[in-house]
$ cat upload-v3.cif   # mmCIF, C-alpha atoms
data_final
#
loop_
_atom_site.label_atom_id
_atom_site.label_comp_id
_atom_site.auth_asym_id
_atom_site.auth_seq_id
_atom_site.Cartn_x
_atom_site.Cartn_y
_atom_site.Cartn_z
CA MET T 1 0.00 0.00 0.00
CA GLU T 2 2.88 2.37 0.73
CA HIS T 3 3.93 2.26 -2.93
CA LEU T 4 0.54 3.35 -4.27
CA PRO T 5 0.61 6.74 -6.03
CA VAL T 6 -1.48 9.41 -4.30
CA GLU T 7 -3.61 9.69 -7.46
CA VAL T 8 -4.62 6.03 -7.13
CA ILE T 9 -5.40 6.52 -3.44
CA GLY T 10 -7.56 9.48 -4.43
CA ASN T 11 -9.50 7.21 -6.79
CA ILE T 12 -9.92 4.62 -4.02
CA LEU T 13 -11.27 7.23 -1.61
CA SER T 14 -13.61 8.58 -4.29
CA ARG T 15 -15.12 5.14 -4.78
CA LEU T 16 -16.04 5.01 -1.09
CA GLY T 17 -18.46 7.82 -1.77
CA GLY T 18 -19.76 8.44 1.76
CA ALA T 19 -18.04 11.42 3.42
CA ARG T 20 -17.78 9.65 6.79
CA ASP T 21 -16.01 6.64 5.24
CA VAL T 22 -13.71 8.90 3.24
CA VAL T 23 -12.64 10.87 6.30
CA ILE T 24 -12.02 7.70 8.34
CA ALA T 25 -10.01 6.07 5.54
CA SER T 26 -7.98 9.22 4.89
CA SER T 27 -6.77 9.23 8.51
CA THR T 28 -4.73 6.07 7.81
CA CYS T 29 -1.52 8.05 7.24
CA CYS T 30 -0.16 11.32 5.88
CA LYS T 31 -0.12 9.98 2.31
CA TRP T 32 -3.80 9.10 2.41
CA ARG T 33 -4.55 12.45 4.01
CA ASP T 34 -2.71 14.17 1.19
CA ALA T 35 -4.67 12.13 -1.39
CA TYR T 36 -7.90 13.24 0.29
CA ARG T 37 -6.92 16.89 0.09
CA ARG T 38 -5.50 16.95 -3.44
CA HIS T 39 -6.91 14.01 -5.42
CA LEU T 40 -10.41 13.25 -4.07
CA HIS T 41 -12.92 13.79 -6.88
CA THR T 42 -16.21 12.44 -5.42
CA LEU T 43 -17.83 13.17 -2.07
CA SER T 44 -21.27 12.30 -0.72
CA PHE T 45 -23.30 13.44 2.29
CA ASN T 46 -26.46 11.35 2.61
CA SER T 47 -28.63 11.34 5.73
CA ASN T 48 -29.78 7.80 4.85
CA ASP T 49 -26.21 6.46 4.87
CA TRP T 50 -25.43 7.62 8.38
CA PRO T 51 -28.41 8.09 10.77
CA LEU T 52 -26.25 10.23 13.09
CA TYR T 53 -26.65 13.07 10.59
CA ARG T 54 -30.23 13.42 11.85
CA ASP T 55 -29.13 13.52 15.49
CA LEU T 56 -26.77 16.47 14.99
CA THR T 57 -28.02 20.03 15.30
CA THR T 58 -28.28 21.89 12.01
CA SER T 59 -25.43 24.27 12.90
CA ARG T 60 -23.16 21.37 13.90
CA LEU T 61 -23.98 19.53 10.68
CA GLU T 62 -23.24 22.66 8.63
CA ILE T 63 -19.82 22.96 10.30
CA LEU T 64 -19.06 19.28 9.72
CA ILE T 65 -19.92 19.44 6.01
CA THR T 66 -18.08 22.74 5.55
CA GLN T 67 -14.89 21.41 7.13
CA THR T 68 -15.03 18.25 5.02
CA ILE T 69 -15.62 20.05 1.69
CA PHE T 70 -13.13 22.86 2.30
CA GLN T 71 -10.29 20.40 2.87
CA THR T 72 -10.67 19.08 -0.68
CA SER T 73 -9.61 20.58 -3.99
CA GLY T 74 -10.91 19.79 -7.46
CA LEU T 75 -14.11 17.92 -6.54
CA GLN T 76 -15.91 16.64 -9.65
CA GLY T 77 -18.85 14.94 -7.99
CA LEU T 78 -20.73 16.31 -4.97
CA SER T 79 -23.83 14.74 -3.45
CA ILE T 80 -25.68 16.47 -0.60
CA LEU T 81 -28.90 14.59 0.14
CA MET T 82 -30.44 15.63 3.43
CA ASP T 83 -33.88 14.06 3.84
CA ASP T 84 -35.70 14.73 7.12
CA VAL T 85 -33.07 17.26 8.16
CA ASP T 86 -33.98 20.79 9.27
CA GLU T 87 -33.35 23.72 6.95
CA PHE T 88 -29.78 24.88 6.44
CA SER T 89 -28.57 28.45 6.26
CA ALA T 90 -28.59 29.61 2.63
CA SER T 91 -25.26 31.41 3.03
CA THR T 92 -23.54 28.20 4.18
CA VAL T 93 -24.86 26.14 1.28
CA ILE T 94 -23.90 28.89 -1.18
CA ALA T 95 -20.37 28.75 0.21
CA TRP T 96 -20.19 24.98 -0.48
CA LEU T 97 -21.35 25.44 -4.06
CA MET T 98 -19.16 28.48 -4.76
CA TYR T 99 -16.10 26.60 -3.47
CA THR T 100 -16.66 23.59 -5.74
CA ARG T 101 -18.48 24.94 -8.81
CA GLU T 102 -15.48 25.55 -11.10
CA THR T 103 -14.49 21.85 -11.16
CA LEU T 104 -17.87 20.25 -10.47
CA LEU T 105 -19.20 17.87 -13.15
CA ARG T 106 -21.94 16.11 -11.14
CA LEU T 107 -24.18 17.67 -8.48
CA PHE T 108 -26.85 15.77 -6.54
CA TYR T 109 -28.67 18.31 -4.38
CA ASN T 110 -31.53 17.83 -1.94
CA VAL T 111 -31.15 20.48 0.73
CA ARG T 112 -33.82 22.70 2.22
CA THR T 113 -32.59 26.23 2.95
CA THR T 114 -33.90 29.53 4.21
CA PRO T 115 -34.14 31.42 1.93
CA ASN T 116 -34.14 29.21 -1.17
CA VAL T 117 -30.76 28.86 -2.93
CA ASN T 118 -30.79 29.59 -6.66
CA ILE T 119 -28.76 26.69 -8.06
CA LEU T 120 -29.01 28.07 -11.60
CA ASP T 121 -27.28 31.32 -10.67
CA ILE T 122 -24.44 29.57 -8.88
CA CYS T 123 -23.79 26.60 -11.19
CA GLY T 124 -24.73 28.10 -14.54
CA ARG T 125 -21.98 28.85 -17.11
CA GLN T 126 -19.75 26.18 -15.52
CA LYS T 127 -18.65 22.62 -16.44
CA LEU T 128 -21.59 20.83 -14.82
CA GLU T 129 -22.68 17.75 -16.81
CA THR T 130 -25.21 16.16 -14.42
CA LEU T 131 -27.65 17.98 -12.13
CA VAL T 132 -30.05 16.10 -9.85
CA LEU T 133 -32.25 18.51 -7.91
CA ALA T 134 -34.95 17.65 -5.35
CA HIS T 135 -37.35 19.51 -3.03
CA ASN T 136 -36.46 22.96 -4.30
CA SER T 137 -38.05 25.74 -6.32
CA ILE T 138 -36.93 27.31 -9.57
CA THR T 139 -38.18 30.74 -10.64
CA GLY T 140 -37.33 33.37 -13.21
CA VAL T 141 -35.13 31.32 -15.54
CA GLU T 142 -33.02 33.47 -17.88
CA PRO T 143 -31.49 31.21 -20.59
CA ASN T 144 -28.99 33.83 -21.75
CA PHE T 145 -27.51 34.23 -18.27
CA GLN T 146 -28.23 30.91 -16.54
CA ARG T 147 -27.12 28.66 -19.39
CA PHE T 148 -25.54 25.25 -18.89
CA PRO T 149 -23.17 24.72 -21.84
CA CYS T 150 -22.07 21.20 -20.75
CA LEU T 151 -25.15 19.79 -18.99
CA LYS T 152 -26.26 16.44 -20.46
CA SER T 153 -28.47 15.02 -17.69
CA LEU T 154 -31.09 16.91 -15.66
CA SER T 155 -33.33 15.41 -12.98
CA LEU T 156 -35.99 17.39 -11.10
CA SER T 157 -37.88 15.66 -8.25
CA TYR T 158 -40.54 17.43 -6.19
CA VAL T 159 -39.38 20.73 -7.64
CA SER T 160 -41.68 23.73 -7.93
CA ILE T 161 -41.35 25.36 -11.35
CA SER T 162 -43.64 27.06 -13.85
CA ALA T 163 -44.31 25.54 -17.28
CA LEU T 164 -42.56 28.49 -18.91
CA ASP T 165 -39.49 28.25 -16.68
CA LEU T 166 -39.26 24.51 -17.32
CA ASN T 167 -39.10 25.07 -21.07
CA LEU T 168 -36.64 27.95 -20.65
CA LEU T 169 -34.45 25.76 -18.46
CA LEU T 170 -34.45 23.07 -21.15
CA THR T 171 -33.48 25.73 -23.68
CA ALA T 172 -30.60 26.83 -21.43
CA CYS T 173 -29.19 23.29 -21.50
CA GLN T 174 -27.67 23.32 -24.97
CA LYS T 175 -26.40 19.71 -24.87
CA ILE T 176 -29.11 18.05 -22.76
CA GLU T 177 -29.69 14.37 -23.56
CA ILE T 178 -31.50 13.01 -20.48
CA LEU T 179 -34.42 14.62 -18.62
CA GLU T 180 -36.23 13.21 -15.57
CA LEU T 181 -39.30 14.84 -14.04
CA VAL T 182 -40.66 13.25 -10.86
CA ASN T 183 -43.77 14.73 -9.25
CA PRO T 184 -42.99 18.33 -10.21
CA GLU T 185 -45.20 21.10 -8.89
CA ILE T 186 -46.11 22.96 -12.08
CA ALA T 187 -47.15 26.54 -11.36
CA MET T 188 -49.68 27.81 -13.92
CA SER T 189 -51.10 31.24 -14.65
CA ASP T 190 -54.45 29.94 -15.96
CA ALA T 191 -56.88 27.14 -15.28
CA GLN T 192 -55.58 24.83 -18.01
CA VAL T 193 -52.37 23.07 -17.06
CA THR T 194 -50.27 22.83 -20.22
CA VAL T 195 -46.57 22.02 -20.53
CA GLU T 196 -44.76 22.51 -23.83
CA LEU T 197 -41.12 21.45 -24.00
CA SER T 198 -38.74 21.71 -26.91
CA SER T 199 -35.19 20.41 -27.34
CA SER T 200 -33.12 19.52 -30.40
CA THR T 201 -30.66 17.35 -28.41
CA LEU T 202 -32.88 15.45 -25.93
CA LYS T 203 -32.61 11.65 -26.30
CA SER T 204 -34.37 10.29 -23.20
CA ILE T 205 -37.22 11.55 -21.03
CA TYR T 206 -38.75 9.98 -17.91
CA VAL T 207 -41.89 11.52 -16.43
CA GLU T 208 -43.46 10.26 -13.18
CA ALA T 209 -46.44 11.34 -11.07
CA ILE T 210 -47.53 14.32 -13.11
CA SER T 211 -51.08 15.51 -13.75
CA LEU T 212 -51.68 17.83 -16.71
CA ASP T 213 -54.27 18.77 -19.28
CA LYS T 214 -51.72 18.87 -22.09
CA PHE T 215 -48.11 17.74 -22.37
CA ILE T 216 -46.49 18.52 -25.71
CA LEU T 217 -42.89 17.49 -26.31
CA GLU T 218 -40.96 18.51 -29.40
CA ALA T 219 -37.70 16.55 -29.58
CA ASP T 220 -36.04 15.76 -32.89
CA CYS T 221 -33.56 13.23 -31.45
CA ILE T 222 -35.72 11.48 -28.83
CA GLU T 223 -34.95 7.76 -28.50
CA ARG T 224 -36.53 6.80 -25.17
CA LEU T 225 -39.88 7.87 -23.68
CA HIS T 226 -41.11 6.56 -20.30
CA LEU T 227 -44.31 7.75 -18.64
CA LYS T 228 -45.22 6.41 -15.18
CA ASP T 229 -48.14 7.06 -12.83
CA CYS T 230 -49.36 10.06 -14.84
CA ALA T 231 -52.80 11.54 -15.51
CA LEU T 232 -52.95 13.38 -18.83
CA GLU T 233 -55.73 14.47 -21.13
CA LEU T 234 -53.35 14.82 -24.06
CA PHE T 235 -49.78 13.74 -24.63
CA GLU T 236 -48.21 14.65 -27.95
CA LEU T 237 -44.72 13.83 -29.14
CA VAL T 238 -43.34 15.71 -32.13
CA GLY T 239 -40.16 14.20 -33.52
CA LYS T 240 -38.40 12.86 -36.59
CA GLY T 241 -38.77 9.10 -36.26
CA THR T 242 -35.89 8.49 -33.84
CA LEU T 243 -37.95 6.95 -30.99
CA LYS T 244 -36.74 3.41 -30.17
CA HIS T 245 -38.09 2.67 -26.67
CA PHE T 246 -41.63 3.59 -25.60
CA LYS T 247 -42.81 2.65 -22.10
CA ILE T 248 -45.95 3.58 -20.15
CA ASP T 249 -46.85 2.28 -16.69
CA ASP T 250 -50.06 3.07 -14.82
CA VAL T 251 -50.90 6.05 -17.02
CA SER T 252 -54.29 7.57 -17.66
CA VAL T 253 -54.31 9.44 -20.98
CA ILE T 254 -57.30 10.29 -23.16
CA HIS T 255 -55.40 11.20 -26.31
CA LEU T 256 -51.93 9.76 -26.98
CA ASP T 257 -50.24 11.02 -30.15
CA LEU T 258 -46.75 9.85 -31.09
CA GLY T 259 -47.12 11.28 -34.59
CA GLU T 260 -44.36 10.40 -37.02
CA THR T 261 -41.93 9.20 -34.36
CA VAL T 262 -42.75 5.47 -34.32
CA ASP T 263 -41.15 4.16 -37.52
CA ASN T 264 -37.98 3.01 -35.74
CA LEU T 265 -39.55 1.71 -32.52
CA GLU T 266 -37.79 -1.40 -31.21
CA ILE T 267 -39.38 -1.74 -27.75
CA VAL T 268 -42.98 -1.08 -26.69
CA ASP T 269 -43.68 -1.73 -22.99
CA VAL T 270 -47.21 -1.09 -21.70
CA SER T 271 -48.39 -2.03 -18.20
CA ASN T 272 -51.36 -1.22 -15.96
CA PHE T 273 -53.09 0.50 -18.84
CA THR T 274 -56.48 0.37 -20.55
CA ILE T 275 -56.05 -0.44 -24.23
CA ILE T 276 -58.43 0.20 -27.10
CA TRP T 277 -56.78 -2.27 -29.48
CA PRO T 278 -57.64 -0.61 -32.85
CA LYS T 279 -56.23 2.73 -31.65
CA PHE T 280 -53.22 1.11 -30.01
CA TYR T 281 -52.43 -0.94 -33.10
CA GLN T 282 -52.78 2.16 -35.28
CA LEU T 283 -50.29 3.85 -32.96
CA ILE T 284 -47.57 1.23 -33.46
CA SER T 285 -48.53 -0.31 -36.82
CA ARG T 286 -45.68 1.39 -38.69
CA SER T 287 -43.09 0.02 -36.26
CA SER T 288 -41.76 -2.66 -38.61
CA LYS T 289 -38.50 -2.88 -36.60
CA LEU T 290 -40.28 -3.81 -33.36
CA LYS T 291 -38.28 -6.43 -31.42
CA LYS T 292 -39.96 -6.44 -28.01
CA LEU T 293 -43.65 -6.01 -27.22
CA ARG T 294 -44.84 -6.11 -23.60
CA LEU T 295 -48.51 -5.78 -22.68
CA TRP T 296 -48.65 -6.51 -18.95
CA ASP T 297 -51.66 -6.27 -16.64
CA VAL T 298 -53.52 -4.43 -19.38
CA VAL T 299 -57.27 -4.07 -19.59
CA PHE T 300 -59.04 -4.12 -22.93
CA ASP T 301 -62.00 -1.95 -23.75
CA GLU T 302 -65.25 -3.93 -24.00
CA ASP T 303 -64.78 -7.27 -25.82
CA GLU T 304 -61.39 -6.62 -27.40
CA ILE T 305 -58.36 -8.91 -27.30
CA VAL T 306 -54.73 -8.93 -28.41
CA ASP T 307 -54.75 -9.65 -32.14
CA LEU T 308 -51.94 -12.23 -32.36
CA GLU T 309 -52.41 -12.71 -36.08
CA THR T 310 -51.83 -9.03 -36.73
CA ILE T 311 -48.77 -9.05 -34.46
CA ALA T 312 -47.30 -12.05 -36.29
CA VAL T 313 -47.91 -10.55 -39.73
CA CYS T 314 -46.78 -6.97 -39.05
CA PHE T 315 -43.85 -7.34 -36.64
CA LEU T 316 -41.58 -9.82 -38.39
CA GLN T 317 -38.52 -8.92 -36.28
CA LEU T 318 -40.30 -9.49 -32.96
CA ASN T 319 -38.15 -11.72 -30.72
CA HIS T 320 -39.58 -10.98 -27.23
CA LEU T 321 -43.30 -11.02 -26.43
CA SER T 322 -44.81 -10.50 -22.96
CA LEU T 323 -48.55 -10.81 -22.41
CA SER T 324 -50.62 -10.64 -19.23
CA TYR T 325 -54.33 -9.86 -19.30
CA ASP T 326 -57.68 -11.28 -18.28
CA LEU T 327 -58.52 -14.39 -20.31
CA ARG T 328 -62.30 -14.25 -20.53
CA GLU T 329 -63.92 -17.55 -21.37
CA GLY T 330 -66.36 -16.16 -23.91
CA LEU T 331 -63.56 -14.61 -25.96
CA PHE T 332 -61.11 -17.51 -25.76
CA PRO T 333 -61.93 -18.93 -29.24
CA TYR T 334 -60.77 -15.61 -30.73
CA ILE T 335 -57.59 -15.20 -28.69
CA LEU T 336 -55.57 -17.66 -30.78
CA GLN T 337 -57.29 -17.07 -34.11
CA GLY T 338 -55.10 -17.10 -37.20
CA SER T 339 -52.31 -19.41 -38.25
CA THR T 340 -49.27 -17.19 -38.88
CA ASN T 341 -46.27 -18.15 -36.78
CA LEU T 342 -44.16 -15.77 -34.71
CA GLU T 343 -41.11 -16.89 -36.65
CA ASN T 344 -38.36 -15.00 -34.80
CA LEU T 345 -39.74 -15.13 -31.26
CA VAL T 346 -37.15 -16.51 -28.79
CA VAL T 347 -38.55 -15.27 -25.44
CA LEU T 348 -42.20 -15.57 -24.43
CA GLU T 349 -43.53 -14.27 -21.10
CA LEU T 350 -47.09 -15.05 -20.07
CA GLY T 351 -48.88 -13.98 -16.92
CA TRP T 352 -52.22 -14.21 -15.19
CA ALA T 353 -54.06 -12.53 -12.34
CA VAL T 354 -56.35 -15.50 -11.64
CA ILE T 355 -55.21 -18.96 -12.64
CA ASN T 356 -57.66 -21.18 -14.55
CA ASP T 357 -57.72 -23.95 -17.15
CA LEU T 358 -57.82 -21.42 -19.99
CA PHE T 359 -54.31 -20.27 -19.18
CA ALA T 360 -52.78 -23.71 -19.84
CA HIS T 361 -54.60 -23.90 -23.18
CA TRP T 362 -53.39 -20.40 -24.01
CA VAL T 363 -49.78 -21.39 -23.30
CA GLU T 364 -50.11 -24.47 -25.49
CA GLY T 365 -51.66 -22.51 -28.36
CA LEU T 366 -48.89 -19.90 -28.31
CA LEU T 367 -46.09 -22.48 -28.14
CA LYS T 368 -47.32 -24.05 -31.37
CA ARG T 369 -46.82 -20.72 -33.14
CA CYS T 370 -43.26 -20.06 -31.90
CA PRO T 371 -40.95 -22.47 -33.78
CA LYS T 372 -37.70 -20.80 -32.64
CA LEU T 373 -38.64 -20.23 -28.99
CA LYS T 374 -35.79 -20.67 -26.49
CA LYS T 375 -37.29 -19.42 -23.22
CA LEU T 376 -40.76 -19.45 -21.66
CA VAL T 377 -41.46 -17.41 -18.53
CA ILE T 378 -44.74 -18.02 -16.69
CA SER T 379 -45.72 -15.40 -14.10
CA GLY T 380 -48.61 -15.36 -11.70
CA VAL T 381 -50.02 -14.16 -8.43
CA VAL T 382 -50.52 -16.73 -5.69
CA SER T 383 -52.56 -15.56 -2.69
CA GLU T 384 -51.13 -16.05 0.79
CA ILE T 385 -54.34 -17.67 1.97
CA LYS T 386 -55.07 -20.48 -0.49
CA THR T 387 -58.29 -22.47 -0.46
CA HIS T 388 -58.27 -26.17 -1.25
CA GLU T 389 -59.71 -25.40 -4.69
CA GLU T 390 -56.92 -22.92 -5.43
CA CYS T 391 -54.28 -25.46 -4.41
CA GLN T 392 -55.88 -28.07 -6.62
CA MET T 393 -56.02 -25.62 -9.55
CA LEU T 394 -52.36 -24.68 -9.13
CA ALA T 395 -51.34 -28.34 -8.91
CA HIS T 396 -53.38 -29.21 -11.99
CA PHE T 397 -51.89 -26.28 -13.89
CA THR T 398 -48.33 -27.25 -12.93
CA SER T 399 -48.92 -30.84 -14.04
CA SER T 400 -50.36 -29.60 -17.35
CA ILE T 401 -47.31 -27.41 -18.03
CA VAL T 402 -44.88 -30.20 -17.12
CA HIS T 403 -46.70 -32.57 -19.49
CA LEU T 404 -46.83 -29.92 -22.22
CA MET T 405 -43.14 -29.01 -22.04
CA ARG T 406 -42.13 -32.62 -22.69
CA LYS T 407 -42.90 -31.75 -26.31
CA TYR T 408 -40.58 -28.72 -26.17
CA LEU T 409 -37.43 -29.97 -24.47
CA HIS T 410 -35.34 -27.29 -26.21
CA VAL T 411 -37.28 -24.53 -24.43
CA GLU T 412 -36.08 -23.26 -21.03
CA VAL T 413 -39.03 -22.83 -18.63
CA GLN T 414 -39.03 -20.36 -15.76
CA PHE T 415 -41.78 -19.77 -13.18
CA GLU T 416 -42.15 -16.43 -11.37
CA TYR T 417 -44.83 -16.25 -8.66
CA GLU T 418 -45.73 -13.29 -6.47
#
$ encode --input "upload-v3.cif" --output "structure tokens"
Amino acid sequence: MEHLPVEVIGNILSRLGGARDVVIASSTCCKWRDAYRRHLHTLSFNSNDWPLYRDLTTSRLEILITQTIFQTSGLQGLSILMDDVDEFSASTVIAWLMYTRETLLRLFYNVRTTPNVNILDICGRQKLETLVLAHNSITGVEPNFQRFPCLKSLSLSYVSISALDLNLLLTACQKIEILELVNPEIAMSDAQVTVELSSSTLKSIYVEAISLDKFILEADCIERLHLKDCALELFELVGKGTLKHFKIDDVSVIHLDLGETVDNLEIVDVSNFTIIWPKFYQLISRSSKLKKLRLWDVVFDEDEIVDLETIAVCFLQLNHLSLSYDLREGLFPYILQGSTNLENLVVLELGWAVINDLFAHWVEGLLKRCPKLKKLVISGVVSEIKTHEECQMLAHFTSSIVHLMRKYLHVEVQFEYE
């Protein structure tokens, strides 16, 4: 260890992450102390990592963090995540950020202060590449002054910001590629809640727990779109056909418009969602390059079903199919209608909410149409309190699958029960 260069020791300390561990490790000897002061590039203060943070008074915690940061030079990554900790003095937090901002590439910031600290003023026009901001407010964005010339990833969680300022902030990030919005508090000037965002460089967007009348995103380079736990009247994506991964989970949306962006879709992942099959198929019908289709815990409108024949005919490159929905007895004759094989399918995932005899027949019918299948995953929910009838049904189903798979010895079978 004594022959290690101080630069290597600095990398070792940086991988520890937690400030407490870094300080303890750096006290090993003078060489490690020197590495901490001159070659440490990542430092993290997280109240969840060390519960004692919550036991300290705010002033004592401020002093501790200040002493730790001010003994370093050239920090590239700084994480200050203080959940359930009283408000800090704004002047102290500003001092931390001013001391590190010229070298900082990554900032993870969740600190409540009085008054609010304007991160954009302090960290704008610097080298920052990643900004993760939580439980703060952003007001009066000025893209010409508060620009982020190097920022590629922006995450806002529980942040209060107006729709206008959100779009201006996106404009100020000239190289932004990744945007995450988690439960933002969107301040609006009128009754209709509308967010319009535009970016020529954005490649990935994740939106969670947001409720809006209209959400319009214009992104020429977008490749990944993920909506989770959202309530929207209208979501519109305007792009140039670059979208590859589309995922929605537990989303309520009346009008979903992906426009001309779906031609190059490779993955469509839909869960906990009500599907009107004709509209949904129309949405993805031009996605001839589709490789993975996941429809999990979906509900179909009225007497609709997944049209397997249409899937087999239109998505010739499909190699991964996941299906989980209510198999209603009256519609079962139509579920497997058609004769076209899923020629390139290698992974098939099937799930149920309530196990019954129809499921085993469904599995058998699908296996016959997948000549190149390599893996079958069967998922289901098993209640903690099982009646004798439920146990008998599960045993009968298991026996049926075991008997069935003797015909498909080349297929790997995996069971996943919740």
$ residues_near_point --input "upload-v3.cif" --point "(-37.5, -23.8, -25.3)" --cutoff "12 Å" --atoms "only C-alpha atoms" --output "number ranges by chain"
T: 345-348, 367-368, 370-377, 404-414
$ residues_around --input "upload-v3.cif" --residues "His3 (chain T)" --least-positions-apart "6" --cutoff "12 Å" --atoms "all atoms listed in the file" --output "PDB file with C-alpha atoms, in the frame of the given file"
ATOM      1  CA  ILE T   9      -5.400   6.520  -3.440  1.00  0.00           C
ATOM      2  CA  LYS T  31      -0.120   9.980   2.310  1.00  0.00           C
ATOM      3  CA  TRP T  32      -3.800   9.100   2.410  1.00  0.00           C
TER       4      TRP T  32
END
$ residues_around --input "upload-v3.cif" --residues "Ser157 (chain T)" --least-positions-apart "6" --cutoff "12 Å" --atoms "all atoms listed in the file" --output "number ranges by chain"
T: 108-110, 131-138, 179-186, 206-210
$ residues_near_point --input "upload-v3.cif" --point "(-50.1, 10.2, -31.8)" --cutoff "10 Å" --atoms "only C-alpha atoms" --output "list of chain:residue names"
T:Leu234, T:Phe235, T:Glu236, T:Leu237, T:Val238, T:His255, T:Leu256, T:Asp257, T:Leu258, T:Gly259, T:Glu260, T:Thr261, T:Val262, T:Lys279, T:Phe280, T:Gln282, T:Leu283, T:Ile284
$ atom_distance --input "upload-v3.cif" --atom1 "CA of Gln146 (chain T)" --atom2 "CA of Val111 (chain T)"
20.4 Å
$ atom_distance --input "upload-v3.cif" --atom1 "CA of Tyr417 (chain T)" --atom2 "CA of Cys391 (chain T)"
13.9 Å
$ resolve_selection --input "upload-v3.cif" --expression "the PyMOL selection byres ((chain T and resi 252) around 10)" --output "list in words"
Ser211, Lys228, Asp229, Cys230, Ala231, Leu232, Glu233, Leu234, Ile248, Asp249, Asp250, Val251, Val253, Ile254, His255, Leu256, Asn272, Phe273 and Thr274 of chain T
$ write_last_selection --input "upload-v3.cif" --atoms "C-alpha atoms" --output "PDB file, in the frame of the given file"
ATOM      1  CA  SER T 211     -51.080  15.510 -13.750  1.00  0.00           C
ATOM      2  CA  LYS T 228     -45.220   6.410 -15.180  1.00  0.00           C
ATOM      3  CA  ASP T 229     -48.140   7.060 -12.830  1.00  0.00           C
ATOM      4  CA  CYS T 230     -49.360  10.060 -14.840  1.00  0.00           C
ATOM      5  CA  ALA T 231     -52.800  11.540 -15.510  1.00  0.00           C
ATOM      6  CA  LEU T 232     -52.950  13.380 -18.830  1.00  0.00           C
ATOM      7  CA  GLU T 233     -55.730  14.470 -21.130  1.00  0.00           C
ATOM      8  CA  LEU T 234     -53.350  14.820 -24.060  1.00  0.00           C
ATOM      9  CA  ILE T 248     -45.950   3.580 -20.150  1.00  0.00           C
ATOM     10  CA  ASP T 249     -46.850   2.280 -16.690  1.00  0.00           C
ATOM     11  CA  ASP T 250     -50.060   3.070 -14.820  1.00  0.00           C
ATOM     12  CA  VAL T 251     -50.900   6.050 -17.020  1.00  0.00           C
ATOM     13  CA  VAL T 253     -54.310   9.440 -20.980  1.00  0.00           C
ATOM     14  CA  ILE T 254     -57.300  10.290 -23.160  1.00  0.00           C
ATOM     15  CA  HIS T 255     -55.400  11.200 -26.310  1.00  0.00           C
ATOM     16  CA  LEU T 256     -51.930   9.760 -26.980  1.00  0.00           C
ATOM     17  CA  ASN T 272     -51.360  -1.220 -15.960  1.00  0.00           C
ATOM     18  CA  PHE T 273     -53.090   0.500 -18.840  1.00  0.00           C
ATOM     19  CA  THR T 274     -56.480   0.370 -20.550  1.00  0.00           C
TER      20      THR T 274
END
$ closest_residue --input "upload-v3.cif" --among "T:Arg60, T:Asn118, T:Arg224, T:Glu7" --to "Asp34 (chain T)" --atoms "only C-alpha atoms"
T:Glu7
$ closest_residue --input "upload-v3.cif" --among "T:Val22, T:Leu243, T:Leu350, T:Val8" --to "Asn264 (chain T)" --atoms "all atoms listed in the file"
T:Leu243
$ resolve_selection --input "upload-v3.cif" --expression "the PyMOL selection byres ((chain T and resi 12-21) around 12)" --output "ChimeraX atom specification"
/T:1,4-11,22-28,32-53,64-69,71-72,74-81
$ resolve_selection --input "upload-v3.cif" --expression "the PyMOL selection byres ((chain T and resi 204) around 6)" --output "CSV table (one decimal) with C-alpha atoms, in the frame of the given file"
chain,number,residue,atom,x,y,z
T,178,ILE,CA,-31.5,13.0,-20.5
T,203,LYS,CA,-32.6,11.6,-26.3
T,205,ILE,CA,-37.2,11.6,-21.0
T,222,ILE,CA,-35.7,11.5,-28.8
T,223,GLU,CA,-35.0,7.8,-28.5
T,224,ARG,CA,-36.5,6.8,-25.2
$ atom_distance --input "upload-v3.cif" --atom1 "CA of Glu309 (chain T)" --atom2 "CA of Leu342 (chain T)"
8.9 Å
$ closest_residue --input "upload-v3.cif" --among "T:Val195, T:Val93, T:Leu202, T:Ile122" --to "Leu154 (chain T)" --atoms "all atoms listed in the file"
T:Leu202
$ closest_residue --input "upload-v3.cif" --among "T:Leu156, T:Ile311, T:Ile119, T:Ile161" --to "Ser339 (chain T)" --atoms "all atoms listed in the file"
T:Ile311
